[in-house]
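Next comes final.cif, with mmCIF, C-alpha atoms.
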data_work
#
loop_
_atom_site.label_atom_id
_atom_site.label_comp_id
_atom_site.auth_asym_id
_atom_site.auth_seq_id
_atom_site.Cartn_x
_atom_site.Cartn_y
_atom_site.Cartn_z
CA MET D 1 -0.94 98.46 14.04
CA ASN D 2 0.60 100.88 16.47
CA ILE D 3 4.31 101.48 16.71
CA GLU D 4 4.81 99.43 19.83
CA THR D 5 3.32 96.21 18.48
CA SER D 6 5.18 96.57 15.20
CA LEU D 7 8.41 96.92 17.15
CA LEU D 8 7.49 93.79 19.04
CA THR D 9 6.87 91.78 15.89
CA GLN D 10 10.09 93.17 14.42
CA LYS D 11 11.95 91.87 17.44
CA GLN D 12 10.20 88.51 17.25
CA LYS D 13 11.28 88.22 13.62
CA ILE D 14 14.88 88.93 14.56
CA TRP D 15 14.75 86.39 17.38
CA SER D 16 13.41 83.78 14.97
CA VAL D 17 16.36 84.44 12.67
CA LEU D 18 18.74 84.13 15.64
CA GLU D 19 17.15 80.79 16.47
CA THR D 20 18.61 79.43 13.23
CA VAL D 21 22.22 80.35 14.04
CA THR D 22 24.10 77.36 15.41
CA ASP D 23 27.24 76.91 17.46
CA PRO D 24 30.02 75.95 15.03
CA GLU D 25 31.59 73.57 17.56
CA VAL D 26 28.33 71.92 18.64
CA PRO D 27 26.14 72.28 15.56
CA VAL D 28 23.00 70.79 17.14
CA LEU D 29 22.76 73.76 19.49
CA THR D 30 21.47 77.13 18.40
CA ILE D 31 22.76 80.25 20.05
CA THR D 32 19.38 80.76 21.68
CA ASP D 33 19.54 77.21 23.14
CA LEU D 34 22.89 78.16 24.61
CA GLY D 35 21.57 81.37 26.11
CA ILE D 36 24.20 83.47 24.36
CA VAL D 37 21.80 86.12 23.06
CA ARG D 38 21.00 88.62 25.79
CA GLU D 39 18.93 91.20 24.06
CA VAL D 40 17.84 92.59 20.72
CA LYS D 41 17.49 96.34 20.34
CA ILE D 42 16.04 98.21 17.43
CA ASN D 43 16.52 101.86 16.74
CA ASP D 44 15.82 103.92 13.62
CA THR D 45 18.56 102.71 11.39
CA GLU D 46 20.20 99.72 12.97
CA ILE D 47 19.60 96.65 15.03
CA GLU D 48 21.82 95.72 17.89
CA VAL D 49 22.25 92.15 19.06
CA ILE D 50 23.77 91.82 22.51
CA ILE D 51 25.57 88.56 23.10
CA THR D 52 27.64 87.13 25.90
CA PRO D 53 30.60 84.78 25.54
CA THR D 54 30.41 81.28 26.98
CA TYR D 55 34.06 80.62 27.76
CA THR D 56 36.54 83.50 27.80
CA GLY D 57 38.83 81.92 25.25
CA CYS D 58 36.20 80.18 23.16
CA PRO D 59 37.31 80.61 19.55
CA ALA D 60 33.77 79.91 18.35
CA MET D 61 32.59 83.30 19.61
CA ASP D 62 34.10 85.27 16.72
CA MET D 63 32.52 82.89 14.27
CA ILE D 64 29.17 83.09 16.04
CA ALA D 65 29.22 86.87 15.77
CA MET D 66 29.94 86.56 12.04
CA ASN D 67 27.19 83.99 11.55
CA ILE D 68 24.67 86.25 13.28
CA ARG D 69 25.61 88.99 10.85
CA LEU D 70 25.28 86.68 7.85
CA ALA D 71 21.93 85.26 8.95
CA LEU D 72 20.46 88.71 9.53
CA ALA D 73 21.88 90.03 6.25
CA GLU D 74 20.23 87.14 4.42
CA HIS D 75 16.93 88.32 5.82
CA GLY D 76 17.47 91.81 4.53
CA TYR D 77 18.81 93.50 7.63
CA LYS D 78 21.54 95.90 6.67
CA LYS D 79 22.88 97.82 9.63
CA ILE D 80 23.74 95.31 12.28
CA LYS D 81 25.70 95.95 15.42
CA ILE D 82 26.87 93.11 17.62
CA THR D 83 27.88 93.96 21.13
CA SER D 84 29.51 91.49 23.47
CA VAL D 85 28.93 91.98 27.17
CA LEU D 86 30.55 90.00 29.98
CA SER D 87 28.31 90.80 32.89
CA PRO D 88 26.27 89.11 34.25
CA VAL D 89 28.40 86.08 33.64
CA TRP D 90 27.08 83.35 31.34
CA THR D 91 26.37 80.06 33.03
CA THR D 92 25.36 76.65 31.72
CA ASP D 93 22.20 77.06 33.80
CA TRP D 94 21.01 79.35 30.99
CA MET D 95 21.02 76.51 28.50
CA SER D 96 17.45 75.68 27.50
CA GLU D 97 15.91 72.29 28.31
CA ALA D 98 15.45 71.76 24.57
CA GLY D 99 19.17 72.44 24.16
CA LYS D 100 20.05 69.90 26.83
CA SER D 101 18.02 67.14 25.22
CA LYS D 102 19.47 67.98 21.78
CA LEU D 103 22.96 67.66 23.25
CA LYS D 104 22.16 64.26 24.71
CA GLU D 105 20.77 62.99 21.41
CA TYR D 106 23.95 64.20 19.75
CA GLY D 107 26.03 62.07 22.16
CA ILE D 108 27.24 64.81 24.50
CA ALA D 109 26.18 64.61 28.15
CA PRO D 110 24.43 67.88 29.05
CA PRO D 111 25.73 69.98 31.97
CA ASN D 112 24.59 69.17 35.47
CA PRO D 113 23.08 72.03 37.47
CA ARG D 114 25.84 74.37 38.53
CA GLN D 115 25.75 74.08 42.30
CA GLN D 116 27.16 70.58 41.97
CA VAL D 117 30.37 71.75 40.36
CA CYS D 118 31.50 74.82 42.20
CA ASN D 119 33.43 72.61 44.47
CA ASN D 120 37.16 73.02 44.45
CA ASP D 121 37.95 69.99 46.54
CA LEU D 122 40.93 68.11 45.26
CA PHE D 123 40.50 64.60 43.99
CA ALA D 124 36.78 65.10 44.51
CA PRO D 125 34.71 62.12 43.46
CA ASP D 126 33.64 62.40 39.85
CA GLN D 127 30.28 64.01 39.33
CA ALA D 128 27.50 61.59 38.54
CA VAL D 129 27.30 62.20 34.82
CA GLN D 130 24.82 60.13 32.91
CA CYS D 131 26.08 58.30 29.83
CA PRO D 132 24.30 59.81 26.81
CA HIS D 133 24.35 56.44 25.05
CA CYS D 134 23.07 53.88 27.55
CA ASN D 135 21.85 56.20 30.36
CA SER D 136 24.01 54.50 32.99
CA HIS D 137 25.22 56.65 35.86
CA LEU D 138 28.29 54.45 36.30
CA THR D 139 30.75 56.66 34.50
CA HIS D 140 34.14 58.11 35.29
CA ARG D 141 36.08 61.16 34.25
CA ILE D 142 39.07 60.62 31.99
CA SER D 143 40.07 64.27 31.80
CA GLU D 144 38.81 67.56 33.17
CA PHE D 145 39.56 69.15 29.80
CA GLY D 146 38.19 67.87 26.53
CA SER D 147 37.97 68.54 22.82
CA THR D 148 36.78 72.12 23.36
CA ALA D 149 37.00 74.54 26.28
CA CYS D 150 33.45 73.69 27.36
CA LYS D 151 33.81 69.93 27.58
CA ALA D 152 35.37 67.24 29.77
CA LEU D 153 36.10 63.65 28.74
CA TYR D 154 34.21 60.80 30.38
CA GLN D 155 33.85 57.09 29.87
CA CYS D 156 30.87 54.87 30.66
CA ASP D 157 31.68 51.85 32.87
CA ASP D 158 28.66 49.93 31.57
CA CYS D 159 28.71 50.34 27.79
CA LYS D 160 32.42 51.37 27.80
CA GLU D 161 31.80 54.20 25.35
CA PRO D 162 33.86 57.34 25.87
CA PHE D 163 31.84 60.54 25.64
CA ASP D 164 32.08 64.30 25.98
CA TYR D 165 30.45 66.02 28.92
CA PHE D 166 29.45 69.66 28.56
CA LYS D 167 30.85 70.81 31.87
CA CYS D 168 29.07 73.12 34.28
CA HIS D 169 30.17 76.67 34.16
CA MET Z 1 51.95 108.77 29.26
CA LYS Z 2 51.31 107.64 32.79
CA ASN Z 3 47.94 106.27 33.69
CA SER Z 4 47.67 103.75 36.46
CA LEU Z 5 44.46 102.11 35.22
CA ILE Z 6 45.96 101.51 31.77
CA ASP Z 7 49.20 100.24 33.25
CA TYR Z 8 47.38 97.93 35.62
CA THR Z 9 45.15 96.55 32.87
CA LEU Z 10 48.24 95.95 30.71
CA HIS Z 11 49.95 94.20 33.61
CA LEU Z 12 47.01 91.79 33.91
CA ALA Z 13 46.89 91.33 30.14
CA ASP Z 14 50.64 90.73 29.77
CA THR Z 15 50.84 88.15 32.55
CA THR Z 16 47.99 86.10 31.12
CA LEU Z 17 49.29 86.41 27.55
CA ILE Z 18 52.84 85.37 28.40
CA LEU Z 19 51.76 82.42 30.54
CA SER Z 20 49.37 81.38 27.78
CA GLN Z 21 52.19 81.55 25.25
CA ARG Z 22 54.46 79.48 27.50
CA ASN Z 23 51.82 76.80 28.08
CA SER Z 24 51.03 76.65 24.38
CA GLU Z 25 54.60 75.48 23.74
CA TRP Z 26 53.37 72.13 25.08
CA CYS Z 27 50.87 71.75 22.25
CA GLY Z 28 51.57 68.35 20.72
CA HIS Z 29 54.31 67.59 23.28
CA GLY Z 30 52.32 66.79 26.45
CA PRO Z 31 53.21 63.60 28.34
CA ILE Z 32 49.90 61.98 27.43
CA LEU Z 33 47.12 63.10 25.12
CA GLU Z 34 44.61 64.10 27.81
CA GLN Z 35 47.14 66.26 29.64
CA ASP Z 36 48.37 67.80 26.42
CA ILE Z 37 44.75 68.83 25.83
CA ALA Z 38 44.44 70.07 29.40
CA ILE Z 39 47.47 72.36 29.32
CA THR Z 40 46.51 73.78 25.93
CA ASN Z 41 42.94 74.34 27.14
CA ILE Z 42 44.35 76.31 30.06
CA SER Z 43 46.47 78.20 27.57
CA LEU Z 44 43.33 79.06 25.63
CA ASP Z 45 41.51 80.25 28.75
CA LEU Z 46 44.45 82.51 29.59
CA LEU Z 47 44.55 83.86 26.05
CA GLY Z 48 40.85 84.67 26.31
CA GLN Z 49 41.48 86.55 29.53
CA ALA Z 50 44.39 88.39 27.91
CA ARG Z 51 42.19 89.43 24.98
CA ASN Z 52 39.57 90.87 27.31
CA PHE Z 53 42.18 92.84 29.22
CA TYR Z 54 43.91 94.08 26.03
CA GLN Z 55 40.61 95.14 24.47
CA TYR Z 56 39.83 97.15 27.56
CA ALA Z 57 43.32 98.66 27.69
CA ALA Z 58 43.02 99.64 24.01
CA LEU Z 59 39.70 101.34 24.72
CA LEU Z 60 41.23 103.31 27.59
CA ILE Z 61 44.27 104.32 25.55
CA ASN Z 62 42.15 105.50 22.63
CA GLN Z 63 39.86 107.48 24.93
CA LEU Z 64 42.87 109.20 26.40
CA THR Z 65 44.49 110.07 23.09
CA ASN Z 66 41.24 111.33 21.54
CA GLN Z 67 40.84 110.05 17.96
CA PRO Z 68 44.35 108.77 17.36
CA ILE Z 69 45.48 108.14 13.78
CA ASN Z 70 46.53 104.61 14.61
CA PRO Z 71 44.15 103.54 17.36
CA ALA Z 72 45.43 100.93 19.80
CA THR Z 73 43.93 97.47 19.38
CA GLU Z 74 44.28 94.21 21.26
CA ASP Z 75 46.66 93.13 18.49
CA SER Z 76 48.85 96.22 18.51
CA LEU Z 77 49.25 95.90 22.27
CA ALA Z 78 50.19 92.22 22.12
CA TYR Z 79 52.30 92.28 18.97
CA LEU Z 80 53.92 95.67 18.76
CA ARG Z 81 55.12 96.53 22.24
CA LYS Z 82 58.72 96.04 23.27
CA GLU Z 83 60.17 93.97 26.05
CA ARG Z 84 60.56 96.92 28.41
CA GLU Z 85 56.90 97.83 27.90
CA PHE Z 86 55.66 94.42 29.04
CA LYS Z 87 54.53 94.38 32.65
CA ASN Z 88 53.98 90.66 33.21
CA LEU Z 89 55.05 88.81 36.33
CA LEU Z 90 58.49 87.23 36.01
CA LEU Z 91 56.96 83.90 37.02
CA ALA Z 92 54.89 83.78 33.81
CA GLU Z 93 57.92 84.04 31.52
CA GLN Z 94 60.00 81.32 33.17
CA PRO Z 95 60.80 78.40 30.87
CA ASN Z 96 58.58 75.32 30.84
CA GLY Z 97 61.38 73.00 32.00
CA ASP Z 98 59.92 69.55 32.44
CA TRP Z 99 56.26 68.76 33.01
CA GLY Z 100 56.71 69.17 36.76
CA GLN Z 101 58.11 72.67 36.42
CA THR Z 102 55.27 73.71 34.12
CA ILE Z 103 52.71 72.28 36.53
CA LEU Z 104 54.26 74.00 39.51
CA ARG Z 105 54.42 77.36 37.69
CA GLN Z 106 50.76 76.99 36.78
CA TYR Z 107 49.79 76.08 40.31
CA LEU Z 108 51.70 78.91 42.00
CA TYR Z 109 50.14 81.40 39.59
CA SER Z 110 46.60 79.98 39.45
CA GLN Z 111 46.37 79.95 43.22
CA PHE Z 112 47.35 83.63 43.22
CA GLN Z 113 45.05 84.46 40.32
CA TYR Z 114 42.10 82.87 42.06
CA LEU Z 115 42.61 85.03 45.17
CA LEU Z 116 43.19 88.11 43.01
CA PHE Z 117 40.06 87.62 40.91
CA GLU Z 118 37.99 86.97 44.03
CA LYS Z 119 38.78 90.55 44.98
CA LEU Z 120 38.88 92.05 41.48
CA GLN Z 121 35.36 90.84 40.66
CA HIS Z 122 34.04 93.16 43.37
CA CYS Z 123 36.20 96.19 42.53
CA THR Z 124 34.61 99.47 41.49
CA ASN Z 125 35.89 99.31 37.93
CA GLU Z 126 32.99 97.59 36.17
CA GLN Z 127 34.90 96.17 33.22
CA LEU Z 128 37.77 94.70 35.25
CA ALA Z 129 35.19 93.30 37.67
CA ALA Z 130 33.27 91.69 34.81
CA ILE Z 131 36.41 90.12 33.32
CA ALA Z 132 37.42 88.75 36.72
CA ALA Z 133 33.96 87.36 37.46
CA LYS Z 134 33.95 85.67 34.06
CA SER Z 135 37.47 84.27 34.38
CA ILE Z 136 37.40 83.04 37.96
CA LYS Z 137 35.21 80.10 37.02
CA GLU Z 138 37.93 78.91 34.66
CA THR Z 139 40.66 79.68 37.18
CA ALA Z 140 38.91 77.37 39.67
CA TYR Z 141 39.44 74.52 37.20
CA HIS Z 142 43.10 75.51 36.73
CA VAL Z 143 43.74 75.53 40.48
CA ARG Z 144 42.18 72.14 40.96
CA TRP Z 145 43.89 70.53 38.01
CA SER Z 146 47.36 71.92 38.76
CA SER Z 147 47.25 71.26 42.51
CA GLU Z 148 46.25 67.65 41.91
CA TRP Z 149 49.27 67.31 39.65
CA VAL Z 150 51.62 68.95 42.15
CA ILE Z 151 50.52 66.40 44.74
CA ARG Z 152 50.65 63.50 42.31
CA LEU Z 153 54.22 64.32 41.26
CA GLY Z 154 55.59 65.59 44.58
CA ASP Z 155 54.26 62.57 46.38
CA GLY Z 156 54.89 60.19 43.49
CA THR Z 157 58.10 58.35 42.70
CA GLU Z 158 61.60 59.22 43.83
CA GLU Z 159 62.24 60.62 40.37
CA SER Z 160 59.12 62.80 40.23
CA HIS Z 161 59.72 63.99 43.80
CA SER Z 162 63.28 65.09 43.05
CA ARG Z 163 62.14 66.87 39.90
CA MET Z 164 59.51 68.76 41.87
CA LEU Z 165 62.16 69.81 44.37
CA LYS Z 166 64.22 71.15 41.50
CA ALA Z 167 61.18 72.96 40.11
CA MET Z 168 60.66 74.56 43.52
CA ASP Z 169 64.26 75.80 43.44
CA GLU Z 170 63.78 77.22 39.95
CA LEU Z 171 60.51 79.00 40.59
CA TRP Z 172 60.15 79.95 44.21
CA SER Z 173 62.18 83.16 44.01
CA TYR Z 174 59.69 84.52 41.43
CA THR Z 175 56.67 84.20 43.73
CA GLY Z 176 57.43 87.20 45.97
CA GLU Z 177 56.78 89.67 43.17
CA MET Z 178 53.09 88.79 43.05
CA PHE Z 179 52.57 90.42 46.43
CA GLU Z 180 54.78 93.49 45.92
CA PRO Z 181 52.49 96.17 44.48
CA ALA Z 182 53.74 98.28 41.59
CA GLU Z 183 53.10 102.01 41.70
CA TYR Z 184 50.09 101.64 39.39
CA GLU Z 185 48.66 98.68 41.23
CA ASN Z 186 46.05 100.23 43.47
CA ILE Z 187 42.82 98.42 42.61
CA VAL Z 188 43.43 95.26 44.60
CA ASP Z 189 45.77 95.25 47.59
CA VAL Z 190 48.00 92.33 46.59
CA LYS Z 191 49.86 92.39 49.88
CA SER Z 192 46.66 91.35 51.62
CA LEU Z 193 46.47 88.21 49.47
CA LYS Z 194 49.76 86.82 50.71
CA GLU Z 195 48.54 85.21 53.90
CA ALA Z 196 45.78 83.26 52.18
CA TRP Z 197 48.14 82.25 49.37
CA ASP Z 198 50.79 81.08 51.85
CA GLN Z 199 48.25 78.97 53.68
CA LYS Z 200 46.81 77.36 50.59
CA VAL Z 201 50.17 76.74 48.95
CA SER Z 202 51.68 75.31 52.14
CA ALA Z 203 48.81 72.89 52.49
CA ILE Z 204 49.25 71.61 48.93
CA LEU Z 205 53.05 71.43 49.21
CA ASN Z 206 52.80 69.56 52.48
CA GLU Z 207 50.45 67.08 50.95
CA ALA Z 208 52.89 66.75 48.06
CA SER Z 209 55.74 66.03 50.52
CA LEU Z 210 57.45 69.22 49.36
CA ILE Z 211 58.53 71.56 52.10
CA PRO Z 212 57.76 75.21 51.42
CA PRO Z 213 60.94 77.32 51.67
CA PRO Z 214 61.18 79.45 54.82
CA VAL Z 215 59.65 82.92 54.72
CA GLY Z 216 61.53 85.77 56.36
CA GLY Z 217 64.58 85.40 58.58
CA GLY Z 218 68.05 84.20 57.65
CA GLY Z 219 67.11 81.16 55.57
CA ALA Z 220 64.59 83.05 53.44
CA VAL Z 221 64.87 82.92 49.67
CA PHE Z 222 65.79 86.17 47.95
CA MET Z 223 62.82 87.26 45.88
CA GLN Z 224 63.25 88.54 42.33
CA SER Z 225 61.17 91.44 41.12
CA GLY Z 226 60.98 93.96 38.29
CA GLY Z 227 58.58 92.36 35.81
CA LYS Z 228 55.76 94.72 36.72
CA GLU Z 229 58.02 97.64 35.79
CA GLY Z 230 59.27 96.10 32.58
CA LYS Z 231 62.55 94.72 33.91
CA HIS Z 232 62.55 91.12 32.81
CA THR Z 233 64.63 87.99 32.86
CA GLU Z 234 66.32 87.23 29.55
CA HIS Z 235 63.55 84.78 28.64
CA LEU Z 236 60.95 87.38 27.73
CA GLY Z 237 62.91 88.62 24.72
CA TYR Z 238 62.92 85.14 23.22
CA ILE Z 239 59.22 84.69 23.87
CA LEU Z 240 58.38 87.98 22.17
CA THR Z 241 60.63 87.19 19.23
CA GLU Z 242 58.54 84.14 18.53
CA LEU Z 243 55.18 85.64 19.50
CA GLN Z 244 55.60 88.84 17.51
CA TYR Z 245 57.51 87.50 14.53
CA MET Z 246 54.65 87.55 12.06
CA GLN Z 247 53.52 91.11 12.76
CA ARG Z 248 57.09 92.37 12.76
CA ALA Z 249 57.93 90.69 9.47
CA TYR Z 250 54.60 91.38 7.77
CA PRO Z 251 53.12 94.45 9.48
CA GLY Z 252 49.33 94.48 9.49
CA ALA Z 253 48.98 90.91 8.17
CA THR Z 254 45.54 89.46 8.94
CA TRP Z 255 43.91 86.06 8.49
#

Please express what this file holds, its structure, as structure tokens.
Amino acid sequence: MNIETSLLTQKQKIWSVLETVTDPEVPVLTITDLGIVREVKINDTEIEVIITPTYTGCPAMDMIAMNIRLALAEHGYKKIKITSVLSPVWTTDWMSEAGKSKLKEYGIAPPNPRQQVCNNDLFAPDQAVQCPHCNSHLTHRISEFGSTACKALYQCDDCKEPFDYFKCH
Amino acid sequence: MKNSLIDYTLHLADTTLILSQRNSEWCGHGPILEQDIAITNISLDLLGQARNFYQYAALLINQLTNQPINPATEDSLAYLRKEREFKNLLLAEQPNGDWGQTILRQYLYSQFQYLLFEKLQHCTNEQLAAIAAKSIKETAYHVRWSSEWVIRLGDGTEESHSRMLKAMDELWSYTGEMFEPAEYENIVDVKSLKEAWDQKVSAILNEASLIPPPVGGGGAVFMQSGGKEGKHTEHLGYILTELQYMQRAYPGATW
């Protein structure tokens, strides 16, 4: 095996470890579902994982960085560097389709595509958010801000269940 | 040590930290649960912005001092600087008052911050641009949420309307400072933001049945300033006493 392919398999191994690290606030999502991991770099002695924060103030980010470290250490990686970069800015459009369906199964409405939200009109009609329980589109927003920075509170007008909506960002 | 980039970054950090701290005083005291969550979420967003700015300021300070014994950190900058070293806008440190006053303070600032970050995200300093580009998406939510509340309360009942008028009296004289550049403030021309801010704010206030105070001329409100240079209203000392208590009493304490 030449050096290049071995580097590639090394990277694939690291990515597969990263695929097991979950978001502490939304445990059904892995950090790769969320699109938080930008890049993995390997040099002689250490590996560098480049991540990007979702929300600026998201307290889960520190924990995610620690969990990445722990997961890699469990697989025998010793020198690990985690670098957080802000640019380009993370967006919910980077969430994988698998991630979106996992969210829905978990009872959280997945984010709508972003172009629908970047609308600063006041008292704008609520976005058509589909109820994750009964699939009705007849829902209304209770609050723009929910249980975590990334969510808004909605209620379904058909089945009456309140639910979290992972808002577009 | 005079360095305009460091001072400017600290100014941005301090304003967002102090406003975050003020809003967080509502935690558990909001008028209804959803709005309690909203104001504390905004507080968290602002704290996240402050952390990014402080981390960058710490990096700049450490680069300048070349391997310092006690390197600056986001924590040392937030917890161990004195009142006169804080460069936040006076508006950010004003007391919460009632819900209306808190909402109005948030609106007046968020509307400014949105216009500022629109420019800052395209500035030549890559890190400040990245922080602004990241934060402006959250600021857009803050503007929308707070302006809806200003309208709801200003154009609400007689009681809510009169409270909003009082809030205007309390806060308006702290808005002029936003557009008066400090010596170190040369990355974004804040003066150039005033016209757009005036237009947007007037539109919201009109819709809220609140008349914006006259600008210029005899009836104009005297504008307070000094925060950017570390000259604060008496409120900041109290805020810092609470905010910094733990690190002052138990230096270096960590989780």

Suppose a student applies the PyMOL selection byres ((chain D) within 8 of (chain Z)) to this structure; what residues should they get, written as a list of chain:residue names?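 That expression, the PyMOL selection byres ((chain D) within 8 of (chain Z)), corresponds here to D:Tyr55, D:Thr56, D:Gly57, D:Cys58, D:Leu86, D:Ser87, D:Pro88, D:Val89, D:Trp90, D:Asn120, D:Asp121, D:Leu122, D:Phe123, D:Ile142, D:Ser143, D:Glu144, D:Phe145, D:Gly146, D:Ser147, D:Thr148, D:Ala149, D:His169.
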
List every protein, DNA or RNA residue that has an atom no more than 6 Å from (33.2, 73.5, 31.1) in the file's coordinate frame, counting only C-alpha atoms, and report them as a list of chain:residue names. D:Cys150, D:Lys151, D:Phe166, D:Lys167, D:Cys168, D:His169

Apply the PyMOL selection byres ((chain D and resi 39) around 10) to the structure shown and report the selected residues as a PDB file with C-alpha atoms, in the frame of the given file.
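After the write, out-v3.pdb holds the following:
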ATOM      1  CA  LYS D  11      11.950  91.870  17.440  1.00  0.00           C
ATOM      2  CA  TRP D  15      14.750  86.390  17.380  1.00  0.00           C
ATOM      3  CA  ILE D  36      24.200  83.470  24.360  1.00  0.00           C
ATOM      4  CA  VAL D  37      21.800  86.120  23.060  1.00  0.00           C
ATOM      5  CA  ARG D  38      21.000  88.620  25.790  1.00  0.00           C
ATOM      6  CA  VAL D  40      17.840  92.590  20.720  1.00  0.00           C
ATOM      7  CA  LYS D  41      17.490  96.340  20.340  1.00  0.00           C
ATOM      8  CA  GLU D  48      21.820  95.720  17.890  1.00  0.00           C
ATOM      9  CA  VAL D  49      22.250  92.150  19.060  1.00  0.00           C
ATOM     10  CA  ILE D  50      23.770  91.820  22.510  1.00  0.00           C
ATOM     11  CA  ILE D  51      25.570  88.560  23.100  1.00  0.00           C
ATOM     12  CA  THR D  52      27.640  87.130  25.900  1.00  0.00           C
ATOM     13  CA  THR D  83      27.880  93.960  21.130  1.00  0.00           C
TER      14      THR D  83
END

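Compared by their closest atoms to Glu105 of chain D, and using all atoms listed in the file, the residues D:Cys131, D:Leu70, D:Ile80, D:Cys159 rank with D:Cys131 nearest.
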
Answer key for the PyMOL selection byres ((chain Z and resi 173-176) around 7), residues as a ChimeraX atom specification: /Z:90-91,171-172,177-180,221-224

What's the separation between atom CA of Asn88 of chain Z and atom CA of Leu64 of chain Z, in Å to one decimal place?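 Atom-to-atom, atom CA of Asn88 of chain Z to atom CA of Leu64 of chain Z, that is 22.7 Å.
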
Quick one: distance from atom CA of Gln130 of chain D to atom CA of Ala109 of chain D in Å, one decimal?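 If I compute the distance from atom CA of Gln130 of chain D to atom CA of Ala109 of chain D, I get 6.7 Å.
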
Quick one: residues within 12 Å of Tyr238 of chain Z, only C-alpha atoms counted, chain neighbours fewer than 2 positions away excluded, as a list in words?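 Using only C-alpha atoms, the neighbours found are Ile18, Gln21, Arg22, Lys82, Glu83, Glu93, Gln94, Pro95, His232, Thr233, Glu234, His235, Leu236, Leu240, Thr241, Glu242, Leu243, Gln244 and Tyr245 of chain Z.
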
Residues just named, written with C-alpha atoms as a CSV table (one decimal), in the coordinates of the input:
chain,number,residue,atom,x,y,z
Z,18,ILE,CA,52.8,85.4,28.4
Z,21,GLN,CA,52.2,81.6,25.2
Z,22,ARG,CA,54.5,79.5,27.5
Z,82,LYS,CA,58.7,96.0,23.3
Z,83,GLU,CA,60.2,94.0,26.0
Z,93,GLU,CA,57.9,84.0,31.5
Z,94,GLN,CA,60.0,81.3,33.2
Z,95,PRO,CA,60.8,78.4,30.9
Z,232,HIS,CA,62.6,91.1,32.8
Z,233,THR,CA,64.6,88.0,32.9
Z,234,GLU,CA,66.3,87.2,29.6
Z,235,HIS,CA,63.6,84.8,28.6
Z,236,LEU,CA,61.0,87.4,27.7
Z,240,LEU,CA,58.4,88.0,22.2
Z,241,THR,CA,60.6,87.2,19.2
Z,242,GLU,CA,58.5,84.1,18.5
Z,243,LEU,CA,55.2,85.6,19.5
Z,244,GLN,CA,55.6,88.8,17.5
Z,245,TYR,CA,57.5,87.5,14.5

Residue list as a PyMOL selection string for point (18.9, 77.4, 31.5), cut-off 12 Å, all atoms listed in the file: chain D and resi 32-36+90-100+110-114+168-169

Mind giving me the straight-line distance from atom CA of Ser24 of chain Z to atom CA of Trp149 of chain Z in Å, one decimal? 18.0 Å

Skip Met63 of chain D itself and residues of its chain fewer than 4 positions away, then list as number ranges by chain all residues within 9 Å of it, counting all atoms listed in the file. D: 23-24, 59, 67-68

Taking all atoms listed in the file into account, name the residue in D:Leu138, D:Leu29, D:Val85, D:Leu72 that is nearest to Val17 of chain D.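 Closest to Val17 of chain D of all the choices is D:Leu72.
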
Best match for closeness to Asn3 of chain Z among Z:Thr16, Z:Glu185, Z:Pro31, Z:Ser110, counting all atoms listed in the file: Z:Glu185
